[in-house]
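Source file: entry_27.cif (mmCIF, C-alpha atoms)
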```
data_target
loop_
_atom_site.label_atom_id
_atom_site.label_comp_id
_atom_site.auth_asym_id
_atom_site.auth_seq_id
_atom_site.Cartn_x
_atom_site.Cartn_y
_atom_site.Cartn_z
CA MET A 1 0.00 0.00 0.00
CA ASN A 2 1.23 3.52 -0.83
CA GLU A 3 -1.07 5.44 1.50
CA LYS A 4 0.57 7.77 4.00
CA PRO A 5 0.03 7.16 7.71
CA ALA A 6 -2.56 9.57 9.09
CA ALA A 7 0.15 11.58 10.92
CA GLU A 8 1.93 12.20 7.59
CA ILE A 9 -1.04 13.51 5.62
CA GLU A 10 -0.79 17.27 5.12
CA SER A 11 -3.79 19.45 5.84
CA PHE A 12 -4.09 23.15 5.05
CA GLU A 13 -6.20 26.11 6.04
CA ASP A 14 -6.25 29.82 5.27
CA CYS A 15 -7.52 32.55 7.57
CA ASP A 16 -7.54 36.28 8.12
CA ARG A 17 -4.16 37.40 9.42
CA ALA A 18 -5.87 39.19 12.33
CA ALA A 19 -7.33 35.85 13.54
CA LEU A 20 -3.89 34.43 14.42
CA THR A 21 -3.04 34.03 18.09
CA ARG A 22 0.30 35.06 19.58
CA GLU A 23 1.19 31.37 19.89
CA GLU A 24 0.43 30.73 16.23
CA VAL A 25 2.54 33.71 15.13
CA ALA A 26 5.43 32.45 17.27
CA GLU A 27 5.08 28.99 15.71
CA MET A 28 5.28 30.48 12.21
CA ARG A 29 8.35 32.55 13.08
CA ALA A 30 10.07 29.52 14.60
CA LEU A 31 9.53 27.57 11.36
CA LEU A 32 10.99 30.43 9.33
CA GLU A 33 14.00 30.66 11.67
CA GLN A 34 14.74 26.97 11.09
CA HIS A 35 15.33 27.64 7.40
CA PHE A 36 16.44 31.28 7.06
CA GLU A 37 19.20 33.40 8.51
CA GLY A 38 18.55 37.03 9.40
CA VAL A 39 15.04 36.49 10.77
CA CYS A 40 14.20 39.24 13.27
CA ALA A 41 11.12 38.82 15.49
CA GLU A 42 10.23 42.51 15.33
CA GLN A 43 10.57 42.65 11.55
CA PHE A 44 8.66 39.38 11.08
CA GLU A 45 5.72 40.65 13.13
CA ARG A 46 5.77 44.05 11.42
CA ASP A 47 5.71 42.42 7.97
CA LEU A 48 2.99 40.00 9.04
CA ALA A 49 0.85 42.84 10.41
CA GLU A 50 0.52 44.37 6.92
CA LYS A 51 -0.73 41.12 5.36
CA THR A 52 -4.39 40.21 4.99
CA ARG A 53 -4.42 36.39 4.63
CA VAL A 54 -2.33 33.50 5.89
CA LEU A 55 -2.17 29.92 4.59
CA ARG A 56 -0.83 27.25 6.94
CA VAL A 57 0.05 23.61 6.23
CA TRP A 58 0.29 20.88 8.87
CA ARG A 59 1.49 17.30 8.99
CA GLY A 60 -0.56 15.91 11.82
CA LYS A 61 -0.27 18.63 14.49
CA ARG A 62 3.11 19.91 13.28
CA LEU A 63 3.26 23.11 11.23
CA VAL A 64 5.31 22.32 8.11
CA GLY A 65 4.59 25.34 5.94
CA PHE A 66 2.91 28.69 5.55
CA SER A 67 2.51 31.61 3.17
CA THR A 68 1.32 35.13 3.90
CA LEU A 69 -0.19 37.53 1.40
CA LEU A 70 -1.49 41.04 1.01
CA VAL A 71 -4.51 41.71 -1.19
CA TYR A 72 -4.89 45.27 -2.41
CA GLN A 73 -5.97 47.48 -5.30
CA THR A 74 -3.93 50.14 -7.04
CA GLU A 75 -4.29 52.33 -10.09
CA ILE A 76 -1.80 52.17 -12.95
CA SER A 77 -2.19 54.48 -15.95
CA GLY A 78 -5.81 55.11 -15.03
CA GLU A 79 -6.64 51.40 -14.70
CA SER A 80 -7.65 49.92 -11.35
CA ILE A 81 -6.02 46.52 -10.81
CA HIS A 82 -6.06 43.88 -8.08
CA VAL A 83 -2.74 42.71 -6.66
CA ILE A 84 -1.88 39.69 -4.55
CA TYR A 85 1.55 40.16 -3.01
CA SER A 86 3.18 37.11 -1.41
CA GLY A 87 5.14 37.70 1.77
CA ASP A 88 7.07 35.15 3.84
CA THR A 89 6.62 31.62 2.46
CA ILE A 90 8.26 28.43 3.69
CA MET A 91 7.78 24.68 3.38
CA ALA A 92 9.87 22.33 5.53
CA PRO A 93 12.20 20.14 3.41
CA ASP A 94 10.53 16.91 4.55
CA ALA A 95 7.27 18.21 3.02
CA TRP A 96 8.69 19.43 -0.31
CA GLY A 97 7.08 16.51 -2.12
CA SER A 98 3.62 17.57 -0.97
CA SER A 99 1.18 19.51 -3.14
CA ALA A 100 -0.59 20.92 -0.06
CA LEU A 101 0.97 24.37 -0.26
CA ALA A 102 0.11 24.75 -3.96
CA ARG A 103 -3.42 23.41 -3.51
CA GLY A 104 -4.06 25.58 -0.48
CA TRP A 105 -2.60 28.69 -2.11
CA ILE A 106 -4.59 28.33 -5.32
CA ARG A 107 -7.80 27.61 -3.38
CA MET A 108 -7.24 30.69 -1.23
CA VAL A 109 -6.61 32.92 -4.25
CA LYS A 110 -9.66 31.58 -6.10
CA ARG A 111 -11.83 32.42 -3.08
CA ILE A 112 -10.39 35.93 -2.91
CA GLN A 113 -11.00 36.52 -6.62
CA LYS A 114 -14.56 35.17 -6.39
CA ALA A 115 -15.41 37.91 -3.88
CA ASP A 116 -14.47 40.57 -6.47
CA PRO A 117 -14.19 39.05 -9.97
CA SER A 118 -14.07 42.37 -11.81
CA GLY A 119 -10.91 43.74 -13.36
CA ASN A 120 -7.45 42.22 -13.78
CA TRP A 121 -5.68 40.31 -11.03
CA TYR A 122 -1.87 40.01 -10.77
CA TRP A 123 0.45 38.07 -8.51
CA LEU A 124 3.50 39.98 -7.29
CA LEU A 125 6.07 37.49 -6.04
CA LEU A 126 9.57 37.90 -4.67
CA SER A 127 11.82 34.90 -5.38
CA ALA A 128 14.72 34.56 -2.97
CA GLY A 129 15.44 31.01 -4.09
CA PHE A 130 15.16 28.82 -7.16
CA ARG A 131 12.54 26.59 -5.55
CA THR A 132 10.14 29.52 -5.20
CA TYR A 133 10.80 30.65 -8.78
CA ARG A 134 10.27 27.08 -10.04
CA PHE A 135 6.69 27.27 -8.76
CA LEU A 136 5.85 29.68 -11.60
CA PRO A 137 6.45 27.48 -14.68
CA VAL A 138 4.77 24.51 -13.00
CA PHE A 139 1.44 26.29 -12.65
CA TRP A 140 1.48 29.32 -14.98
CA ARG A 141 1.89 29.50 -18.74
CA GLU A 142 3.17 33.09 -18.81
CA PHE A 143 5.10 34.89 -16.08
CA TRP A 144 7.94 37.36 -15.94
CA PRO A 145 10.87 37.39 -15.95
CA SER A 146 10.97 34.17 -17.94
CA PRO A 147 13.45 32.35 -20.18
CA ASP A 148 10.59 31.59 -22.57
CA CYS A 149 9.41 35.07 -23.54
CA GLU A 150 10.19 38.75 -23.17
CA ILE A 151 7.93 40.75 -20.92
CA PRO A 152 5.63 43.12 -22.86
CA ASP A 153 6.41 46.79 -22.31
CA GLU A 154 3.14 47.48 -20.50
CA LEU A 155 3.72 44.61 -18.06
CA LEU A 156 7.34 45.64 -17.52
CA CYS A 157 6.02 49.07 -16.57
CA LEU A 158 3.45 47.46 -14.29
CA ARG A 159 6.01 45.25 -12.57
CA GLU A 160 8.39 48.16 -11.98
CA THR A 161 5.60 50.44 -10.75
CA LEU A 162 4.33 47.84 -8.28
CA ALA A 163 7.88 47.15 -7.07
CA ARG A 164 8.61 50.85 -6.54
CA GLU A 165 5.32 51.29 -4.68
CA ARG A 166 6.11 48.47 -2.29
CA PHE A 167 9.90 48.59 -1.92
CA GLY A 168 11.00 52.11 -2.79
CA ASN A 169 14.74 52.51 -3.32
CA GLN A 170 15.36 48.92 -2.21
CA PHE A 171 14.21 47.94 -5.70
CA ASP A 172 16.81 48.07 -8.50
CA PRO A 173 14.94 48.42 -11.82
CA SER A 174 18.07 47.66 -13.86
CA SER A 175 18.24 44.11 -12.47
CA GLY A 176 14.64 43.64 -11.35
CA VAL A 177 15.91 42.69 -7.89
CA VAL A 178 14.98 43.89 -4.41
CA ARG A 179 17.83 44.23 -1.92
CA PHE A 180 16.31 44.69 1.50
CA ASP A 181 18.10 46.75 4.14
CA ARG A 182 17.60 43.79 6.51
CA PRO A 183 17.47 40.71 4.26
CA GLN A 184 16.72 37.11 5.11
CA TRP A 185 18.69 34.39 3.35
CA LEU A 186 18.50 30.63 3.19
CA LYS A 187 20.59 28.59 5.59
CA PRO A 188 23.64 27.06 3.85
CA ARG A 189 22.18 23.55 3.73
CA LEU A 190 19.22 24.85 1.71
CA ALA A 191 21.21 27.22 -0.51
CA VAL A 192 22.67 24.40 -2.57
CA VAL A 193 21.48 23.61 -6.08
CA PRO A 194 21.21 19.79 -6.25
CA GLU A 195 23.45 18.10 -8.77
CA GLY A 196 21.73 17.91 -12.12
CA ARG A 197 19.14 20.60 -11.46
CA ILE A 198 21.33 23.33 -12.96
CA GLN A 199 20.31 21.82 -16.33
CA ASP A 200 16.73 22.90 -15.66
CA GLU A 201 16.29 25.96 -17.89
CA HIS A 202 14.18 27.82 -15.34
CA ILE A 203 16.59 27.22 -12.48
CA ALA A 204 19.55 28.23 -14.65
CA TYR A 205 17.66 31.37 -15.69
CA PHE A 206 16.85 32.28 -12.08
CA LEU A 207 20.48 31.89 -11.03
CA LYS A 208 21.54 34.15 -13.89
CA ARG A 209 18.93 36.82 -13.18
CA ASN A 210 19.46 36.81 -9.42
CA PRO A 211 23.13 36.00 -8.72
CA GLY A 212 22.89 37.43 -5.18
CA TRP A 213 20.12 35.09 -4.04
CA ARG A 214 22.33 33.43 -1.43
CA GLU A 215 22.78 36.85 0.23
CA GLY A 216 19.03 37.49 0.30
CA ASP A 217 18.48 39.34 -3.00
CA GLU A 218 14.93 38.78 -4.25
CA LEU A 219 13.84 38.67 -7.90
CA VAL A 220 10.58 40.55 -8.59
CA CYS A 221 8.18 38.30 -10.51
CA LEU A 222 4.75 38.98 -11.97
CA THR A 223 2.02 36.81 -13.44
CA LYS A 224 -1.59 37.33 -14.41
CA LEU A 225 -4.02 35.39 -12.23
CA HIS A 226 -6.49 34.07 -14.79
CA ASP A 227 -7.69 30.55 -15.59
CA GLU A 228 -6.48 30.88 -19.17
CA ASN A 229 -2.95 31.37 -17.85
CA LEU A 230 -2.93 28.09 -15.91
CA THR A 231 -0.82 25.15 -17.09
CA ALA A 232 -2.29 21.65 -17.23
CA ALA A 233 -0.96 21.07 -13.69
CA GLY A 234 -2.61 24.28 -12.52
CA ARG A 235 -5.94 23.31 -14.07
CA ARG A 236 -5.79 19.90 -12.38
CA ILE A 237 -5.36 21.55 -9.01
CA VAL A 238 -8.25 23.93 -9.65
CA ARG A 239 -10.49 20.98 -10.57
CA SER A 240 -9.43 19.13 -7.41
CA ILE A 241 -10.22 21.98 -5.02
CA LEU A 242 -13.43 23.37 -6.48
CA PRO A 243 -16.83 21.87 -5.59
#
```
Structure translated into structure tokens:
Amino acid sequence: MNEKPAAEIESFEDCDRAALTREEVAEMRALLEQHFEGVCAEQFERDLAEKTRVLRVWRGKRLVGFSTLLVYQTEISGESIHVIYSGDTIMAPDAWGSSALARGWIRMVKRIQKADPSGNWYWLLLSAGFRTYRFLPVFWREFWPSPDCEIPDELLCLRETLARERFGNQFDPSSGVVRFDRPQWLKPRLAVVPEGRIQDEHIAYFLKRNPGWREGDELVCLTKLHDENLTAAGRRIVRSILP
């Protein structure tokens, strides 16, 4: 039999950020500290306080992953757009093979969009590591920056405008990278590209575009959140989570 024991089955849930207890916030920070250097409790709580939703993933009673996000609207060139900005995101290495984070994240975003389906929705993502960047080509047909296609001028302008709005002079438009004054960076054991994976075109592209990722530099990524932009894998997840 290939079924996981009950204690190894991942469950997930999203909630309003304001609903978290102090103990739950501390549990999330502890998980982040296990995998990143430079984590500061004050900064973590300040960043979390600006977010609107939180997704958490458990294996049994143990927290093995989470992702925070901010949902907001802004106006670009006279057009009102919806933005989902991903904050701190982590999945424990022993749960990397699970689809729970992806399923939970896509379900959460679909619920958010359903509440206000008008207009265009975009995902603003900072990639501090190749594993985060690799999430994009698995589930989205078009995203930027990408080795497969150049970003259209209007979307390049959008990405740079959103990045300047959120990160100010910490954003370098010439490289498309954010260099935080107080960065977080992966612990050495996680900042290693496994042998053979450098041949993956998307991983190789990420390493080229963000050579300072081991020091905490974050590549600004953008994708349109629309069903037509989903890959086959993305569509399968949507079918699995919707009634």
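Between CA of His226 (chain A) and CA of Thr89 (chain A) lies a distance of 21.8 Å.
Nearest residue to Gln34 (chain A) among A:Phe206, A:Tyr122, A:Trp185, A:Phe167 is A:Trp185, counting only C-alpha atoms.
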*May I have the residues within 7 Å of Ile84 (chain A) as a PyMOL selection string, using all atoms listed in the file and disregarding those fewer than 6 positions away in the same chain?*
chain A and resi 69-72+122-124
*Can you pull out every residue within 12 Å of Glu75 (chain A), counting all atoms listed in the file, but drop anything in the same chain fewer than 4 positions away, and send it as a PyMOL selection string?*
chain A and resi 79-83+119-120+158+161-162+165
Output C-alpha atoms for every residue in that selection, as a CSV table (one decimal), in the coordinates of the input.
```csv
chain,number,residue,atom,x,y,z
A,79,GLU,CA,-6.6,51.4,-14.7
A,80,SER,CA,-7.6,49.9,-11.4
A,81,ILE,CA,-6.0,46.5,-10.8
A,82,HIS,CA,-6.1,43.9,-8.1
A,83,VAL,CA,-2.7,42.7,-6.7
A,119,GLY,CA,-10.9,43.7,-13.4
A,120,ASN,CA,-7.4,42.2,-13.8
A,158,LEU,CA,3.4,47.5,-14.3
A,161,THR,CA,5.6,50.4,-10.8
A,162,LEU,CA,4.3,47.8,-8.3
A,165,GLU,CA,5.3,51.3,-4.7
```
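For the pair CA of Val220 (chain A) and CA of Gly196 (chain A), the interatomic distance is 25.5 Å.
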*Name the residues captured by the PyMOL selection byres ((chain A and resi 43) around 12) when it is applied to the shown file; answer as a PyMOL selection string.*
chain A and resi 29+38-42+44-50+88+180-184
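For the file at hand, the PyMOL selection byres ((chain A and resi 10) around 8) resolves to A:Glu8, A:Ile9, A:Ser11, A:Phe12, A:Val57, A:Trp58, A:Arg59, A:Gly60, A:Ser98, A:Ala100.
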*asked:* With the PyMOL selection byres ((chain A and resi 63) around 12) as the selection, what would be picked from this file? Answer as a ChimeraX atom specification, please.
replied: /A:7-13,24-32,55-62,64-67,90-92,94-95,101
Residues from the last selection, C-alpha atoms, saved as a tab-separated table (two decimals), in the coordinates of the input:
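Listing of selection18.tsv after writing:
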```tsv
chain	number	residue	atom	x	y	z
A	7	ALA	CA	0.15	11.58	10.92
A	8	GLU	CA	1.93	12.20	7.59
A	9	ILE	CA	-1.04	13.51	5.62
A	10	GLU	CA	-0.79	17.27	5.12
A	11	SER	CA	-3.79	19.45	5.84
A	12	PHE	CA	-4.09	23.15	5.05
A	13	GLU	CA	-6.20	26.11	6.04
A	24	GLU	CA	0.43	30.73	16.23
A	25	VAL	CA	2.54	33.71	15.13
A	26	ALA	CA	5.43	32.45	17.27
A	27	GLU	CA	5.08	28.99	15.71
A	28	MET	CA	5.28	30.48	12.21
A	29	ARG	CA	8.35	32.55	13.08
A	30	ALA	CA	10.07	29.52	14.60
A	31	LEU	CA	9.53	27.57	11.36
A	32	LEU	CA	10.99	30.43	9.33
A	55	LEU	CA	-2.17	29.92	4.59
A	56	ARG	CA	-0.83	27.25	6.94
A	57	VAL	CA	0.05	23.61	6.23
A	58	TRP	CA	0.29	20.88	8.87
A	59	ARG	CA	1.49	17.30	8.99
A	60	GLY	CA	-0.56	15.91	11.82
A	61	LYS	CA	-0.27	18.63	14.49
A	62	ARG	CA	3.11	19.91	13.28
A	64	VAL	CA	5.31	22.32	8.11
A	65	GLY	CA	4.59	25.34	5.94
A	66	PHE	CA	2.91	28.69	5.55
A	67	SER	CA	2.51	31.61	3.17
A	90	ILE	CA	8.26	28.43	3.69
A	91	MET	CA	7.78	24.68	3.38
A	92	ALA	CA	9.87	22.33	5.53
A	94	ASP	CA	10.53	16.91	4.55
A	95	ALA	CA	7.27	18.21	3.02
A	101	LEU	CA	0.97	24.37	-0.26
```
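When CA of Glu160 (chain A) is paired with CA of Gly176 (chain A), their separation reads 7.7 Å.
Minimum atom-to-atom distance to Arg141 (chain A), evaluated using only C-alpha atoms, belongs to A:Ala232 out of A:Ile106, A:Leu156, A:Ala19, A:Ala232.
Nearest residue to Cys15 (chain A) among A:Arg53, A:Arg134, A:Arg166, A:Arg209 is A:Arg53, counting all atoms listed in the file.
Nearest-residue note for Ser175 (chain A): choosing from A:Arg189, A:Glu150, A:Asp217, A:Ala204, the minimum distance belongs to A:Asp217, counting all atoms listed in the file.
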*Find the residue from A:Arg131, A:Phe143, A:Glu23, A:Leu136 that sits nearest to Arg197 (chain A); use all atoms listed in the file when measuring.*
A:Arg131
Build an axis-aligned box that encloses every atom of region 39-52 of chain A listed in the file, pad it by 6 Å on each side, and report its centre and edge lengths in Å to one decimal, as AutoDock Vina command-line options.
```
--center_x 5.3 --center_y 40.4 --center_z 10.2 --size_x 31.4 --size_y 19.9 --size_z 22.5
```
_Nearest residue to Ser99 (chain A) from the set A:Val178, A:Phe135, A:Ser127, A:Ala18 (distances using only C-alpha atoms)_ = A:Phe135
*Write out as a list of chain:residue names which residues come within 7 Å of Arg17 (chain A) when counting only C-alpha atoms, dropping same-chain ones fewer than 5 positions away.*
A:Lys51, A:Thr52, A:Arg53, A:Val54
_Residues near Tyr205 (chain A), cut-off 12 Å, only C-alpha atoms, skip fewer than 6 positions along chain, as a PyMOL selection string_ = chain A and resi 129-130+133-134+137+144-149+197-199+211+219
Pull region 77-88 of chain A out of the block and emit all heavy atoms, as a compact mmCIF listing (two decimals), in the first residue's frame.
```
# COMPACT_ATOMS: atom_id res chain seq x y z
N SER A 77 -1.80 53.86 -14.67
CA SER A 77 -2.19 54.48 -15.95
C SER A 77 -3.70 54.57 -16.09
O SER A 77 -4.28 54.30 -17.16
CB SER A 77 -1.59 53.69 -17.13
OG SER A 77 -0.18 53.65 -17.03
N GLY A 78 -4.36 54.93 -15.01
CA GLY A 78 -5.81 55.11 -15.03
C GLY A 78 -6.61 53.84 -14.90
O GLY A 78 -7.84 53.88 -14.85
N GLU A 79 -5.93 52.68 -14.82
CA GLU A 79 -6.64 51.40 -14.70
C GLU A 79 -6.52 50.89 -13.28
O GLU A 79 -5.43 50.82 -12.71
CB GLU A 79 -6.04 50.36 -15.66
CG GLU A 79 -6.70 48.99 -15.54
CD GLU A 79 -5.99 47.91 -16.34
OE1 GLU A 79 -4.94 48.22 -16.92
OE2 GLU A 79 -6.48 46.78 -16.36
N SER A 80 -7.64 50.50 -12.68
CA SER A 80 -7.65 49.92 -11.35
C SER A 80 -7.36 48.42 -11.47
O SER A 80 -8.03 47.71 -12.23
CB SER A 80 -9.00 50.13 -10.67
OG SER A 80 -9.01 49.54 -9.38
N ILE A 81 -6.37 47.94 -10.75
CA ILE A 81 -6.02 46.52 -10.81
C ILE A 81 -5.95 45.93 -9.40
O ILE A 81 -5.71 46.65 -8.42
CB ILE A 81 -4.68 46.28 -11.53
CG1 ILE A 81 -3.52 46.92 -10.76
CG2 ILE A 81 -4.73 46.77 -12.97
CD1 ILE A 81 -2.17 46.51 -11.27
N HIS A 82 -6.17 44.62 -9.34
CA HIS A 82 -6.06 43.88 -8.08
C HIS A 82 -4.67 43.24 -8.02
O HIS A 82 -4.20 42.67 -9.01
CB HIS A 82 -7.11 42.78 -8.01
CG HIS A 82 -8.52 43.26 -8.14
ND1 HIS A 82 -9.27 43.72 -7.08
CD2 HIS A 82 -9.33 43.37 -9.23
CE1 HIS A 82 -10.48 44.07 -7.49
NE2 HIS A 82 -10.54 43.88 -8.80
N VAL A 83 -4.08 43.29 -6.84
CA VAL A 83 -2.74 42.71 -6.66
C VAL A 83 -2.75 41.76 -5.47
O VAL A 83 -3.32 42.08 -4.41
CB VAL A 83 -1.68 43.80 -6.43
CG1 VAL A 83 -0.28 43.17 -6.27
CG2 VAL A 83 -1.68 44.81 -7.56
N ILE A 84 -2.15 40.61 -5.65
CA ILE A 84 -1.88 39.69 -4.55
C ILE A 84 -0.36 39.62 -4.40
O ILE A 84 0.35 39.18 -5.32
CB ILE A 84 -2.48 38.30 -4.80
CG1 ILE A 84 -4.01 38.39 -4.71
CG2 ILE A 84 -1.94 37.29 -3.81
CD1 ILE A 84 -4.72 37.08 -4.91
N TYR A 85 0.11 40.13 -3.28
CA TYR A 85 1.55 40.16 -3.01
C TYR A 85 1.89 39.10 -1.97
O TYR A 85 1.36 39.11 -0.86
CB TYR A 85 1.96 41.55 -2.52
CG TYR A 85 3.33 41.60 -1.84
CD1 TYR A 85 4.45 41.09 -2.48
CD2 TYR A 85 3.47 42.14 -0.56
CE1 TYR A 85 5.69 41.12 -1.86
CE2 TYR A 85 4.70 42.18 0.06
CZ TYR A 85 5.81 41.66 -0.59
OH TYR A 85 7.04 41.68 0.04
N SER A 86 2.76 38.17 -2.33
CA SER A 86 3.18 37.11 -1.41
C SER A 86 4.30 37.59 -0.51
O SER A 86 5.30 38.14 -0.97
CB SER A 86 3.65 35.87 -2.19
OG SER A 86 2.57 35.20 -2.77
N GLY A 87 4.11 37.38 0.79
CA GLY A 87 5.14 37.70 1.77
C GLY A 87 5.94 36.45 2.12
O GLY A 87 6.25 35.63 1.25
N ASP A 88 6.28 36.30 3.40
CA ASP A 88 7.07 35.15 3.84
C ASP A 88 6.37 33.85 3.45
O ASP A 88 5.16 33.67 3.68
CB ASP A 88 7.26 35.18 5.36
CG ASP A 88 8.24 36.25 5.80
OD1 ASP A 88 9.23 36.48 5.08
OD2 ASP A 88 8.03 36.87 6.86
```
